[in-house]
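S.K.: I am attaching a structure below and will ask some questions about it afterwards.
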Amino acid sequence: MSAAIPEQSIDCLVVGAGVTGLATALALLDDGREVTVIDVGLVGSGASHGNCGTLTPSHAPPLAGPSTLMRAARWMFTPDAPLYIKPTLNPDTLRWMLGFALRCNHRDYVASARAKYTLLADSRQRIQHWVTRYQLECEFAETGEDYVFKTRRDMDRELGDVPMLRELGVDVEVVEGKDYEARDPAFKPGLAGALCFRGDAALRPDRYVAELARVVRARGGRILEQCALVSLASSAQGVVAQTAQGPLRARDVVLATGAWAPRIADAVGLPWLRKTIQPGKGYSMTYSPPALTPKRPVILYEPSVCVTAWPSGYRLGSTMEFTGYDDSLNAQRLGALERGATQFLHQPVGPQLREKWCGWRPMSRDDIPLIGRAPGHVHLWMAVGHGMMGVSMSASTGQLLADMIAGRTPCVNPAPFDPARFV
């Protein structure tokens with residue numbers, strides 16, 4: 001009979017070594033806390049690996065909008081549509097879908113956009129500060145980002161958001177098609193126009209995550225890979241975490257488990273998470289750079305394809321697929337990325353395909369992340385549900401949690417992100 005593994009006492013435990021968990025660990029280390037990070041897999045092996053790497057206050061408007069349900073219904077039987085919701089009878093998924101559907105109205109759309117913008121705008125500047133302060137080698141650049149349109153109808157619909165975006169503080173320029181084609185020779189003729197967001201930026205997300213891990217370790221943080229969380233037992237004095245590498249007693253625990261949050265909901269004493277977050281599957285393809293690439297990161301609007309070029313590579317990414325935890329690479333959806341890029345670009349792909357990828361984003365019902373104290377727990381904190389904005393929101397999420405745990409005035413208003421809104 002094997003001997004019991006002795007319990008270790010630690011200060012702060014962060015569960016999840018993705019972009020959110022590592023950013024939170026860094027912010028806590030800056031506060032003088034001792035930090036241990038655990039992950040079921042390897043550093044950065046989740047949704048941030050294949051992300052397109054844009055830092056986008058301009059993306060404050062949520063997925064749940066007044067026209068979303070109509071578009072989803074129209075695409076239901078289109079195998080390579082940008083948004084796909086698989087029919088299901090799973091009760092947790094159905095409750096999530098109902099909650100999401102109820103948010104598809106103008107009032108909630110504006111409220112979600114306002115909340116998301118505060119986090120995105122703060123994080124955009126904070127990441128740039130971190131890049132300089134910690135010398136993060138992640139190909140950060142103040143590029144801006146553009147939405148590019150083929151059809152006037154779609155452009156006119158998106159122009160409806162411009163007054164709200166400008167009110168929030170987003171720098172938006174409206175450019176007609178021929179003028180945009182003259183600016184960027186990577187595009188084929190026939191564009192309707194573009195919305196240019198000059199305050200956005202970009203970085204290489206897998207390198208950003210690797211650099212965060214480097215700095216966390218350099219500042220004394222400990223990262224335990226392939227160390228699954230089994231369960232949590234919370235009390236007024238702290239939290240005991242049972243892990244694959246033995247028990248850990250922590251003063252404070254932060255859950256930053258991304259799309260896995262619903263799967264560990266019961267084990268951590270938060271069963272309501274199963275109907276609050278669902279995995280939204282995204283795809284990307286990474287190439288060596290073609291000779292002619294767009295000058296800035298772009299969203300090709302009609303096929304909903306994001307194109308990002310870095311000195312080290314070139315990536316096409318897109319789709320929001322609600323198919324549960326299916327991890328298969330759908331060839332039709334991967335092909336849709338190249339077909340969408342071909343509609344717009346003279347050189348839509350690079351000479352060498354380096355990686356085909358898919359991953360799950362943690363989509364909350366209201367498309368606003370859950371950041372703050374877990375309801376009913378004193379020392380358990382949450383940083384989950386960032387959807388497609390995990391990289392963009394990473395630094396501000398970490399700082400907000402560090403501020404709240406320390407009991408000081410937070411960097412942004414925490415009220416919209418309170419996890420208690422779902423309980």
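Here's how to read the names in the structure tokens: chain A, B, ... by the order shown, residue numbers from 1 in each chain, ligand numbers from 1 in the order shown.
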Any idea what's packed within 12 Å of region 211-221 of chain A, counting only C-alpha atoms, ignoring anything in its chain fewer than 3 positions away? Could you give it as JSON, numbers by chain?

M.R.: {"A": [10, 11, 12, 13, 14, 16, 17, 18, 19, 20, 21, 22, 23, 24, 25, 26, 27, 28, 29, 30, 31, 32, 33, 34, 35, 36, 37, 38, 42, 43, 44, 127, 130, 131, 133, 134, 135, 136, 137, 138, 139, 140, 203, 204, 205, 206, 207, 208, 224, 225, 391, 394, 395, 398]}

S.K.: Take the residues from that selection and write them out as an mmCIF file, in the first residue's frame, keeping C-alpha atoms.

M.R.:
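The file below, out_9.cif, is the result:
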```cif
data_model
loop_
_atom_site.group_PDB
_atom_site.id
_atom_site.type_symbol
_atom_site.label_atom_id
_atom_site.label_comp_id
_atom_site.auth_asym_id
_atom_site.auth_seq_id
_atom_site.Cartn_x
_atom_site.Cartn_y
_atom_site.Cartn_z
ATOM 1 C CA ILE A 10 1.186 27.492 -0.716
ATOM 2 C CA ASP A 11 0.089 31.104 -1.023
ATOM 3 C CA CYS A 12 -1.744 31.527 -4.367
ATOM 4 C CA LEU A 13 -2.782 28.730 -6.710
ATOM 5 C CA VAL A 14 -3.758 29.561 -10.290
ATOM 6 C CA GLY A 16 -4.808 27.045 -15.839
ATOM 7 C CA ALA A 17 -1.565 27.901 -17.652
ATOM 8 C CA GLY A 18 -3.182 29.610 -20.611
ATOM 9 C CA VAL A 19 -3.010 33.317 -21.363
ATOM 10 C CA THR A 20 -5.473 34.318 -18.621
ATOM 11 C CA GLY A 21 -3.920 32.188 -15.903
ATOM 12 C CA LEU A 22 -0.371 33.293 -16.672
ATOM 13 C CA ALA A 23 -1.342 36.971 -16.877
ATOM 14 C CA THR A 24 -3.059 36.630 -13.499
ATOM 15 C CA ALA A 25 -0.025 34.877 -12.051
ATOM 16 C CA LEU A 26 2.213 37.717 -13.227
ATOM 17 C CA ALA A 27 -0.042 40.377 -11.719
ATOM 18 C CA LEU A 28 -0.102 38.488 -8.393
ATOM 19 C CA LEU A 29 3.685 38.129 -8.416
ATOM 20 C CA ASP A 30 3.918 41.896 -8.934
ATOM 21 C CA ASP A 31 1.908 42.212 -5.719
ATOM 22 C CA GLY A 32 4.517 40.211 -3.846
ATOM 23 C CA ARG A 33 2.404 37.046 -3.654
ATOM 24 C CA GLU A 34 3.927 33.597 -4.048
ATOM 25 C CA VAL A 35 2.259 31.844 -6.979
ATOM 26 C CA THR A 36 1.931 28.255 -8.192
ATOM 27 C CA VAL A 37 0.249 27.583 -11.549
ATOM 28 C CA ILE A 38 -1.057 24.137 -12.498
ATOM 29 C CA LEU A 42 1.232 22.093 -21.228
ATOM 30 C CA VAL A 43 1.705 25.845 -21.082
ATOM 31 C CA GLY A 44 -0.326 27.604 -23.752
ATOM 32 C CA ILE A 127 -0.055 44.594 -22.623
ATOM 33 C CA TRP A 130 4.237 44.654 -20.144
ATOM 34 C CA VAL A 131 5.982 44.118 -23.490
ATOM 35 C CA ARG A 133 8.704 46.311 -18.924
ATOM 36 C CA TYR A 134 9.340 42.563 -19.185
ATOM 37 C CA GLN A 135 10.936 42.617 -22.657
ATOM 38 C CA LEU A 136 8.370 40.162 -24.031
ATOM 39 C CA GLU A 137 9.549 38.884 -27.411
ATOM 40 C CA CYS A 138 6.162 38.286 -29.032
ATOM 41 C CA GLU A 139 6.202 40.420 -32.214
ATOM 42 C CA PHE A 140 3.990 43.113 -30.686
ATOM 43 C CA LEU A 203 1.176 40.129 -31.408
ATOM 44 C CA ARG A 204 2.109 36.485 -31.940
ATOM 45 C CA PRO A 205 -0.126 34.818 -29.302
ATOM 46 C CA ASP A 206 1.760 31.557 -28.797
ATOM 47 C CA ARG A 207 4.964 33.515 -28.224
ATOM 48 C CA TYR A 208 3.177 35.947 -25.906
ATOM 49 C CA LEU A 224 3.338 22.504 -12.807
ATOM 50 C CA GLU A 225 2.396 21.087 -16.208
ATOM 51 C CA VAL A 391 -5.547 37.332 -25.395
ATOM 52 C CA SER A 394 -5.439 39.032 -20.523
ATOM 53 C CA ALA A 395 -3.414 41.748 -18.800
ATOM 54 C CA GLY A 398 -4.900 39.639 -14.281
#
```

S.K.: Residues of region 315-417 of chain A within 7 Å of region 234-240 of chain A: nearest atom pair and distance (Å, one decimal) for each, counting only C-alpha atoms, sorted by chain and number, as a Markdown table?

M.R.:
```
| residue | atom | partner | partner_atom | distance |
| --- | --- | --- | --- | --- |
| A:His377 | CA | A:Ser234 | CA | 6.7 |
| A:Val378 | CA | A:Ala236 | CA | 5.9 |
| A:His379 | CA | A:Gly238 | CA | 5.6 |
```

S.K.: Output all heavy atoms of each residue in that selection to a file, as a PDB file, in the first residue's frame.

M.R.:
```
ATOM      1  N   HIS A 377     -17.942  31.651  -1.780  1.00  0.00           N
ATOM      2  CA  HIS A 377     -16.585  31.249  -1.404  1.00  0.00           C
ATOM      3  C   HIS A 377     -15.774  32.487  -1.029  1.00  0.00           C
ATOM      4  O   HIS A 377     -15.882  33.525  -1.682  1.00  0.00           O
ATOM      5  CB  HIS A 377     -15.898  30.500  -2.539  1.00  0.00           C
ATOM      6  CG  HIS A 377     -16.604  29.247  -2.956  1.00  0.00           C
ATOM      7  ND1 HIS A 377     -16.282  28.002  -2.463  1.00  0.00           N
ATOM      8  CD2 HIS A 377     -17.637  29.053  -3.818  1.00  0.00           C
ATOM      9  CE1 HIS A 377     -17.082  27.097  -3.012  1.00  0.00           C
ATOM     10  NE2 HIS A 377     -17.911  27.706  -3.838  1.00  0.00           N
ATOM     11  N   VAL A 378     -14.939  32.353  -0.014  1.00  0.00           N
ATOM     12  CA  VAL A 378     -14.146  33.490   0.452  1.00  0.00           C
ATOM     13  C   VAL A 378     -12.824  33.603  -0.298  1.00  0.00           C
ATOM     14  O   VAL A 378     -12.401  34.695  -0.677  1.00  0.00           O
ATOM     15  CB  VAL A 378     -13.885  33.373   1.968  1.00  0.00           C
ATOM     16  CG1 VAL A 378     -13.032  34.532   2.458  1.00  0.00           C
ATOM     17  CG2 VAL A 378     -15.200  33.311   2.741  1.00  0.00           C
ATOM     18  N   HIS A 379     -12.172  32.470  -0.556  1.00  0.00           N
ATOM     19  CA  HIS A 379     -10.823  32.480  -1.109  1.00  0.00           C
ATOM     20  C   HIS A 379     -10.733  31.870  -2.506  1.00  0.00           C
ATOM     21  O   HIS A 379      -9.621  31.608  -2.988  1.00  0.00           O
ATOM     22  CB  HIS A 379      -9.874  31.731  -0.167  1.00  0.00           C
ATOM     23  CG  HIS A 379      -9.731  32.385   1.171  1.00  0.00           C
ATOM     24  ND1 HIS A 379      -8.937  33.477   1.382  1.00  0.00           N
ATOM     25  CD2 HIS A 379     -10.321  32.100   2.375  1.00  0.00           C
ATOM     26  CE1 HIS A 379      -9.013  33.841   2.664  1.00  0.00           C
ATOM     27  NE2 HIS A 379      -9.846  33.028   3.271  1.00  0.00           N
TER      28      HIS A 379
END
```

S.K.: Taking only C-alpha atoms into account, produce a table as a tab-separated table in which each residue of region 47-147 of chain A with an atom at most 10 Å from an atom of region 329-338 of chain A appears once, together with its shortest atom pair and the distance in Å to one decimal, ordered by chain and rising number.

M.R.:
```
residue	atom	partner	partner_atom	distance
A:Pro79	CA	A:Gln332	CA	6.9
A:Asp80	CA	A:Arg333	CA	4.9
A:Ala81	CA	A:Arg333	CA	7.7
A:Pro82	CA	A:Arg333	CA	8.3
```

S.K.: Among the residues of region 149-260 of chain A, find those DSSP assigns to strand (DSSP E or B) from the backbone and print them as number ranges by chain.

M.R.: A: 149, 172-176, 187, 193-197, 201-202, 222-224, 229-234, 239-243, 246-255

S.K.: Go ahead and save the picked residues with C-alpha atoms, as a compact mmCIF listing (two decimals), in the first residue's frame.

M.R.:
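Below is the file that was written, out.txt:
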```txt
# COMPACT_ATOMS: atom_id res chain seq x y z
CA PHE A 149 -16.24 44.44 -47.00
CA VAL A 172 -12.86 54.48 -36.41
CA GLU A 173 -12.16 55.61 -39.96
CA VAL A 174 -14.62 54.79 -42.78
CA VAL A 175 -12.84 54.21 -46.10
CA GLU A 176 -14.45 53.65 -49.51
CA PHE A 187 -6.43 43.23 -52.07
CA GLY A 193 -15.05 49.63 -48.32
CA ALA A 194 -13.51 49.21 -44.90
CA LEU A 195 -13.76 50.26 -41.28
CA CYS A 196 -10.26 51.03 -40.01
CA PHE A 197 -9.59 50.83 -36.27
CA ALA A 201 -2.59 46.20 -32.09
CA ALA A 202 -1.30 42.68 -32.71
CA ARG A 222 6.16 27.81 -10.11
CA ILE A 223 4.37 26.17 -13.06
CA LEU A 224 3.34 22.50 -12.81
CA LEU A 229 -7.10 19.57 -10.82
CA VAL A 230 -9.25 16.82 -9.32
CA SER A 231 -11.34 18.75 -6.79
CA LEU A 232 -11.48 21.79 -4.54
CA ALA A 233 -12.65 22.07 -0.94
CA SER A 234 -13.15 25.69 0.11
CA VAL A 239 -8.83 26.17 -0.26
CA VAL A 240 -7.54 22.60 -0.48
CA ALA A 241 -6.94 21.49 -4.06
CA GLN A 242 -6.61 17.80 -4.85
CA THR A 243 -4.38 17.49 -7.92
CA GLY A 246 -0.90 15.62 -4.68
CA PRO A 247 -2.92 17.96 -2.43
CA LEU A 248 -2.20 21.70 -2.20
CA ARG A 249 -3.54 23.97 0.55
CA ALA A 250 -3.69 27.54 -0.75
CA ARG A 251 -4.65 30.84 0.80
CA ASP A 252 -6.27 31.95 -2.50
CA VAL A 253 -7.17 29.99 -5.64
CA VAL A 254 -7.92 31.45 -9.09
CA LEU A 255 -9.81 29.36 -11.65
```

S.K.: List every residue of region 120-187 of chain A that has an atom at most 7 Å from any atom of region 289-307 of chain A, and for each one report the closest atom pair and its distance in Å to one decimal, counting only C-alpha atoms, with rows sorted by chain and then by increasing residue number, as a tab-separated table.

M.R.:
```
residue	atom	partner	partner_atom	distance
A:Thr143	CA	A:Arg296	CA	5.8
A:Gly144	CA	A:Arg296	CA	6.4
A:Glu145	CA	A:Pro297	CA	5.0
A:Asp146	CA	A:Val298	CA	4.7
A:Tyr147	CA	A:Ile299	CA	4.7
A:Val148	CA	A:Leu300	CA	5.2
A:Phe149	CA	A:Tyr301	CA	5.5
A:Asp184	CA	A:Lys295	CA	6.5
A:Ala186	CA	A:Pro294	CA	5.4
```

S.K.: Export N, CA, C and O atoms of the chosen residues as a tab-separated table (two decimals), in the first residue's frame?

M.R.:
```
chain	number	residue	atom	x	y	z
A	143	THR	N	-0.41	47.99	-34.89
A	143	THR	CA	-0.78	47.87	-36.31
A	143	THR	C	-2.10	48.54	-36.66
A	143	THR	O	-2.30	48.95	-37.79
A	144	GLY	N	-3.04	48.61	-35.70
A	144	GLY	CA	-4.43	48.84	-36.07
A	144	GLY	C	-5.03	47.56	-36.62
A	144	GLY	O	-4.36	46.51	-36.74
A	145	GLU	N	-6.31	47.62	-36.98
A	145	GLU	CA	-6.98	46.48	-37.61
A	145	GLU	C	-8.14	47.00	-38.43
A	145	GLU	O	-8.76	48.02	-38.08
A	146	ASP	N	-8.47	46.30	-39.52
A	146	ASP	CA	-9.52	46.75	-40.43
A	146	ASP	C	-10.57	45.67	-40.65
A	146	ASP	O	-10.23	44.48	-40.73
A	147	TYR	N	-11.83	46.09	-40.74
A	147	TYR	CA	-12.90	45.24	-41.27
A	147	TYR	C	-13.03	45.60	-42.75
A	147	TYR	O	-13.25	46.77	-43.09
A	148	VAL	N	-12.93	44.62	-43.63
A	148	VAL	CA	-12.97	44.86	-45.07
A	148	VAL	C	-14.21	44.17	-45.65
A	148	VAL	O	-14.48	43.00	-45.35
A	149	PHE	N	-14.94	44.90	-46.51
A	149	PHE	CA	-16.24	44.44	-47.00
A	149	PHE	C	-16.25	44.29	-48.51
A	149	PHE	O	-15.69	45.12	-49.23
A	184	ASP	N	-3.76	49.45	-50.07
A	184	ASP	CA	-3.19	48.13	-49.80
A	184	ASP	C	-3.26	47.26	-51.05
A	184	ASP	O	-4.32	46.72	-51.39
A	186	ALA	N	-2.44	44.34	-51.54
A	186	ALA	CA	-2.69	42.91	-51.33
A	186	ALA	C	-4.10	42.52	-51.72
A	186	ALA	O	-4.38	41.34	-51.94
```

S.K.: Taking the DSSP secondary structure from the backbone, can you list the residues of region 136-275 of chain A that are helix (DSSP H, G or I), as JSON, numbers by chain?

M.R.: {"A": [152, 153, 154, 155, 156, 157, 158, 159, 162, 163, 164, 165, 166, 167, 168, 177, 178, 179, 180, 181, 182, 183, 205, 206, 207, 208, 209, 210, 211, 212, 213, 214, 215, 216, 217, 218, 258, 259, 260, 261, 262, 263, 264, 271, 272, 273, 274, 275]}

S.K.: Give the answer as one residue: which of A:Cys227, A:Ala265, A:Ala60, A:Leu83 has the shortest atom-to-atom distance to Gly282 (chain A), using only C-alpha atoms?

M.R.: A:Leu83

S.K.: Skipping near chain neighbours, those fewer than 4 positions away, what residues fall within 8 Å of Arg354 (chain A) using only C-alpha atoms, listed as a VMD selection string?

M.R.: chain A and resid 285 to 288

S.K.: Here is a test: counting only C-alpha atoms, which residue of A:Asn105, A:Ser312, A:Thr342, A:Ser284 is nearest to Lys356 (chain A)?

M.R.: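 Closest to Lys356 (chain A) of all the choices is A:Ser284.
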
S.K.: Can you tell me, as a short mmCIF file (atom, residue, chain, number, x, y, z; two decimals) with N, CA and C atoms, in the first residue's frame, what residues are no more than 8 Å from Leu191 (chain A) when counting only C-alpha atoms, ignoring any on the same chain fewer than 2 positions away?

M.R.:
```cif
data_model
loop_
_atom_site.label_atom_id
_atom_site.label_comp_id
_atom_site.auth_asym_id
_atom_site.auth_seq_id
_atom_site.Cartn_x
_atom_site.Cartn_y
_atom_site.Cartn_z
N VAL A 148 -12.93 44.62 -43.63
CA VAL A 148 -12.97 44.86 -45.07
C VAL A 148 -14.21 44.17 -45.65
N PHE A 149 -14.94 44.90 -46.51
CA PHE A 149 -16.24 44.44 -47.00
C PHE A 149 -16.25 44.29 -48.51
N LYS A 150 -16.95 43.26 -48.98
CA LYS A 150 -17.20 43.06 -50.40
C LYS A 150 -18.52 43.68 -50.83
N THR A 151 -19.51 43.67 -49.94
CA THR A 151 -20.85 44.12 -50.30
C THR A 151 -21.24 45.36 -49.50
N GLY A 177 -14.20 51.74 -50.96
CA GLY A 177 -13.50 50.59 -51.52
C GLY A 177 -12.29 50.93 -52.36
N LYS A 178 -12.44 51.82 -53.34
CA LYS A 178 -11.32 52.14 -54.23
C LYS A 178 -10.17 52.79 -53.46
N TYR A 180 -9.44 52.20 -50.35
CA TYR A 180 -8.76 51.16 -49.58
C TYR A 180 -7.88 50.30 -50.49
N GLU A 181 -8.37 49.99 -51.67
CA GLU A 181 -7.56 49.21 -52.61
C GLU A 181 -6.27 49.95 -52.97
N LYS A 188 -7.67 42.35 -53.93
CA LYS A 188 -8.24 42.34 -55.26
C LYS A 188 -9.22 43.52 -55.42
N PRO A 189 -9.44 43.98 -56.63
CA PRO A 189 -10.42 45.05 -56.84
C PRO A 189 -11.84 44.56 -56.57
N GLY A 193 -15.66 48.66 -49.23
CA GLY A 193 -15.05 49.63 -48.32
C GLY A 193 -14.49 48.93 -47.10
#
```

S.K.: For a test of reading the model, state the distance in Å between CA of Ile371 (chain A) and CA of Leu401 (chain A), rounded to one decimal.

M.R.: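 CA of Ile371 (chain A) sits 7.0 Å away from CA of Leu401 (chain A).
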
S.K.: Would you mind listing what lies within 7 Å of Leu273 (chain A) as a list in words, with only C-alpha atoms counted and same-chain residues fewer than 4 positions away left out?

M.R.: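 With the cut-off at 7 Å, the set is Ala261, Pro262, Ala265 and Ile277 of chain A.
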
S.K.: Nearest to Thr323 (chain A): which of A:Ile85, A:Ile368, A:Ala111, A:Met388 is it, counting only C-alpha atoms?

M.R.: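 When distances to Thr323 (chain A) are compared using only C-alpha atoms, the smallest one comes from A:Ile85.
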
S.K.: I need the residue nearest Gly359 (chain A) from this list: A:Arg183, A:Arg421, A:Arg373, A:His49. Use only C-alpha atoms for the distance.

M.R.: A:His49

S.K.: When you count only C-alpha atoms, which of these residues is closest to Tyr314 (chain A): A:Ser392, A:Ser67, A:Thr409, A:Asn51?

M.R.: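 Among the listed residues, the smallest separation from Tyr314 (chain A) belongs to A:Asn51.
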
S.K.: May I ask for the distance between CA of Gln128 (chain A) and CA of Ala309 (chain A), given in Å to one decimal place?

M.R.: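 Taking CA of Gln128 (chain A) as the start and CA of Ala309 (chain A) as the end point, the length is 18.5 Å.
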
S.K.: Mind checking which residues fall within 10 Å of Pro419 (chain A), counting only C-alpha atoms, ignoring those fewer than 3 positions away in the same chain, and posting them as a short mmCIF file (atom, residue, chain, number, x, y, z; two decimals) with all heavy atoms, in the first residue's frame?

M.R.:
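Output below, filename part_17.cif:
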```
data_model
loop_
_atom_site.label_atom_id
_atom_site.label_comp_id
_atom_site.auth_asym_id
_atom_site.auth_seq_id
_atom_site.Cartn_x
_atom_site.Cartn_y
_atom_site.Cartn_z
N LEU A 273 -21.86 26.55 -13.46
CA LEU A 273 -21.00 26.87 -14.60
C LEU A 273 -21.36 26.07 -15.84
O LEU A 273 -21.10 26.51 -16.96
CB LEU A 273 -19.53 26.60 -14.24
CG LEU A 273 -18.75 27.72 -13.57
CD1 LEU A 273 -17.35 27.24 -13.22
CD2 LEU A 273 -18.68 28.94 -14.47
N THR A 276 -23.56 28.08 -17.89
CA THR A 276 -23.09 29.46 -18.03
C THR A 276 -22.05 29.60 -19.13
O THR A 276 -21.99 30.63 -19.81
CB THR A 276 -22.48 29.94 -16.69
OG1 THR A 276 -23.47 29.80 -15.67
CG2 THR A 276 -22.04 31.38 -16.77
N ILE A 368 -19.62 38.19 -21.74
CA ILE A 368 -18.83 38.99 -20.81
C ILE A 368 -18.13 38.01 -19.87
O ILE A 368 -18.76 37.09 -19.36
CB ILE A 368 -19.72 39.95 -19.99
CG1 ILE A 368 -20.45 40.93 -20.91
CG2 ILE A 368 -18.88 40.74 -18.98
CD1 ILE A 368 -21.47 41.79 -20.20
N PRO A 369 -16.83 38.17 -19.64
CA PRO A 369 -16.14 37.21 -18.78
C PRO A 369 -16.59 37.28 -17.33
O PRO A 369 -17.18 38.27 -16.88
CB PRO A 369 -14.66 37.61 -18.91
CG PRO A 369 -14.67 39.02 -19.37
CD PRO A 369 -15.91 39.18 -20.20
N LEU A 370 -16.33 36.19 -16.60
CA LEU A 370 -16.62 36.10 -15.17
C LEU A 370 -15.31 36.33 -14.43
O LEU A 370 -14.41 35.48 -14.46
CB LEU A 370 -17.19 34.73 -14.82
CG LEU A 370 -18.61 34.38 -15.28
CD1 LEU A 370 -18.66 34.17 -16.80
CD2 LEU A 370 -19.10 33.12 -14.59
N ILE A 371 -15.19 37.48 -13.80
CA ILE A 371 -13.96 37.85 -13.11
C ILE A 371 -14.33 38.34 -11.71
O ILE A 371 -15.06 39.33 -11.58
CB ILE A 371 -13.19 38.96 -13.86
CG1 ILE A 371 -12.95 38.57 -15.32
CG2 ILE A 371 -11.87 39.25 -13.17
CD1 ILE A 371 -12.42 39.71 -16.18
N GLY A 372 -13.82 37.66 -10.71
CA GLY A 372 -14.11 38.09 -9.34
C GLY A 372 -14.24 36.90 -8.40
O GLY A 372 -13.95 35.76 -8.76
N ARG A 373 -14.71 37.18 -7.21
CA ARG A 373 -14.86 36.13 -6.19
C ARG A 373 -15.97 35.17 -6.59
O ARG A 373 -17.04 35.57 -7.05
CB ARG A 373 -15.20 36.77 -4.84
CG ARG A 373 -15.01 35.82 -3.65
CD ARG A 373 -15.57 36.44 -2.38
NE ARG A 373 -15.01 37.74 -2.08
CZ ARG A 373 -13.93 37.96 -1.34
NH1 ARG A 373 -13.25 36.92 -0.86
NH2 ARG A 373 -13.52 39.18 -1.10
N ALA A 374 -15.72 33.87 -6.42
CA ALA A 374 -16.74 32.87 -6.71
C ALA A 374 -17.86 32.99 -5.68
O ALA A 374 -17.59 33.06 -4.47
CB ALA A 374 -16.13 31.47 -6.66
N PRO A 375 -19.10 33.03 -6.11
CA PRO A 375 -20.22 33.17 -5.18
C PRO A 375 -20.21 32.08 -4.11
O PRO A 375 -20.05 30.90 -4.41
CB PRO A 375 -21.45 33.05 -6.08
CG PRO A 375 -20.97 33.45 -7.43
CD PRO A 375 -19.55 32.98 -7.51
N TRP A 381 -11.49 32.43 -6.51
CA TRP A 381 -11.69 33.51 -7.46
C TRP A 381 -11.80 32.94 -8.87
O TRP A 381 -11.32 31.84 -9.15
CB TRP A 381 -10.52 34.50 -7.39
CG TRP A 381 -10.32 35.05 -6.01
CD1 TRP A 381 -9.64 34.45 -4.97
CD2 TRP A 381 -10.82 36.27 -5.49
NE1 TRP A 381 -9.70 35.24 -3.85
CE2 TRP A 381 -10.40 36.37 -4.13
CE3 TRP A 381 -11.57 37.32 -6.04
CZ2 TRP A 381 -10.72 37.47 -3.34
CZ3 TRP A 381 -11.88 38.42 -5.24
CH2 TRP A 381 -11.46 38.48 -3.91
N MET A 382 -12.44 33.71 -9.76
CA MET A 382 -12.72 33.21 -11.10
C MET A 382 -12.18 34.17 -12.16
O MET A 382 -12.28 35.39 -12.01
CB MET A 382 -14.23 33.02 -11.30
CG MET A 382 -14.87 32.13 -10.26
SD MET A 382 -16.64 31.91 -10.53
CE MET A 382 -16.61 30.91 -12.01
N ALA A 383 -11.66 33.60 -13.23
CA ALA A 383 -11.24 34.36 -14.41
C ALA A 383 -11.52 33.47 -15.62
O ALA A 383 -10.61 32.89 -16.21
CB ALA A 383 -9.77 34.74 -14.33
N VAL A 384 -12.79 33.35 -15.99
CA VAL A 384 -13.20 32.44 -17.05
C VAL A 384 -14.22 33.15 -17.95
O VAL A 384 -14.74 34.20 -17.62
CB VAL A 384 -13.84 31.14 -16.47
CG1 VAL A 384 -12.81 30.34 -15.69
CG2 VAL A 384 -15.05 31.46 -15.60
N GLY A 385 -14.50 32.53 -19.11
CA GLY A 385 -15.57 33.01 -19.98
C GLY A 385 -15.18 34.17 -20.87
O GLY A 385 -16.03 35.00 -21.21
N ALA A 415 -17.97 45.52 -11.54
CA ALA A 415 -19.37 45.11 -11.41
C ALA A 415 -19.89 44.30 -12.60
O ALA A 415 -20.56 43.28 -12.41
CB ALA A 415 -20.25 46.34 -11.16
N PRO A 416 -19.62 44.71 -13.86
CA PRO A 416 -20.20 43.93 -14.98
C PRO A 416 -19.67 42.51 -15.08
O PRO A 416 -20.29 41.67 -15.73
CB PRO A 416 -19.78 44.75 -16.21
CG PRO A 416 -19.44 46.10 -15.71
CD PRO A 416 -18.89 45.89 -14.34
N PHE A 422 -24.79 35.13 -12.49
CA PHE A 422 -25.32 33.89 -13.06
C PHE A 422 -25.89 32.94 -12.00
O PHE A 422 -26.33 31.84 -12.34
CB PHE A 422 -24.24 33.17 -13.85
CG PHE A 422 -23.86 33.86 -15.13
CD1 PHE A 422 -22.58 34.38 -15.30
CD2 PHE A 422 -24.78 34.00 -16.15
CE1 PHE A 422 -22.23 35.01 -16.47
CE2 PHE A 422 -24.44 34.63 -17.33
CZ PHE A 422 -23.16 35.14 -17.49
N VAL A 423 -25.84 33.31 -10.74
CA VAL A 423 -26.27 32.40 -9.68
C VAL A 423 -27.66 32.77 -9.19
O VAL A 423 -27.95 33.94 -8.95
CB VAL A 423 -25.26 32.45 -8.51
CG1 VAL A 423 -25.72 31.55 -7.37
CG2 VAL A 423 -23.88 32.04 -8.99
#
```
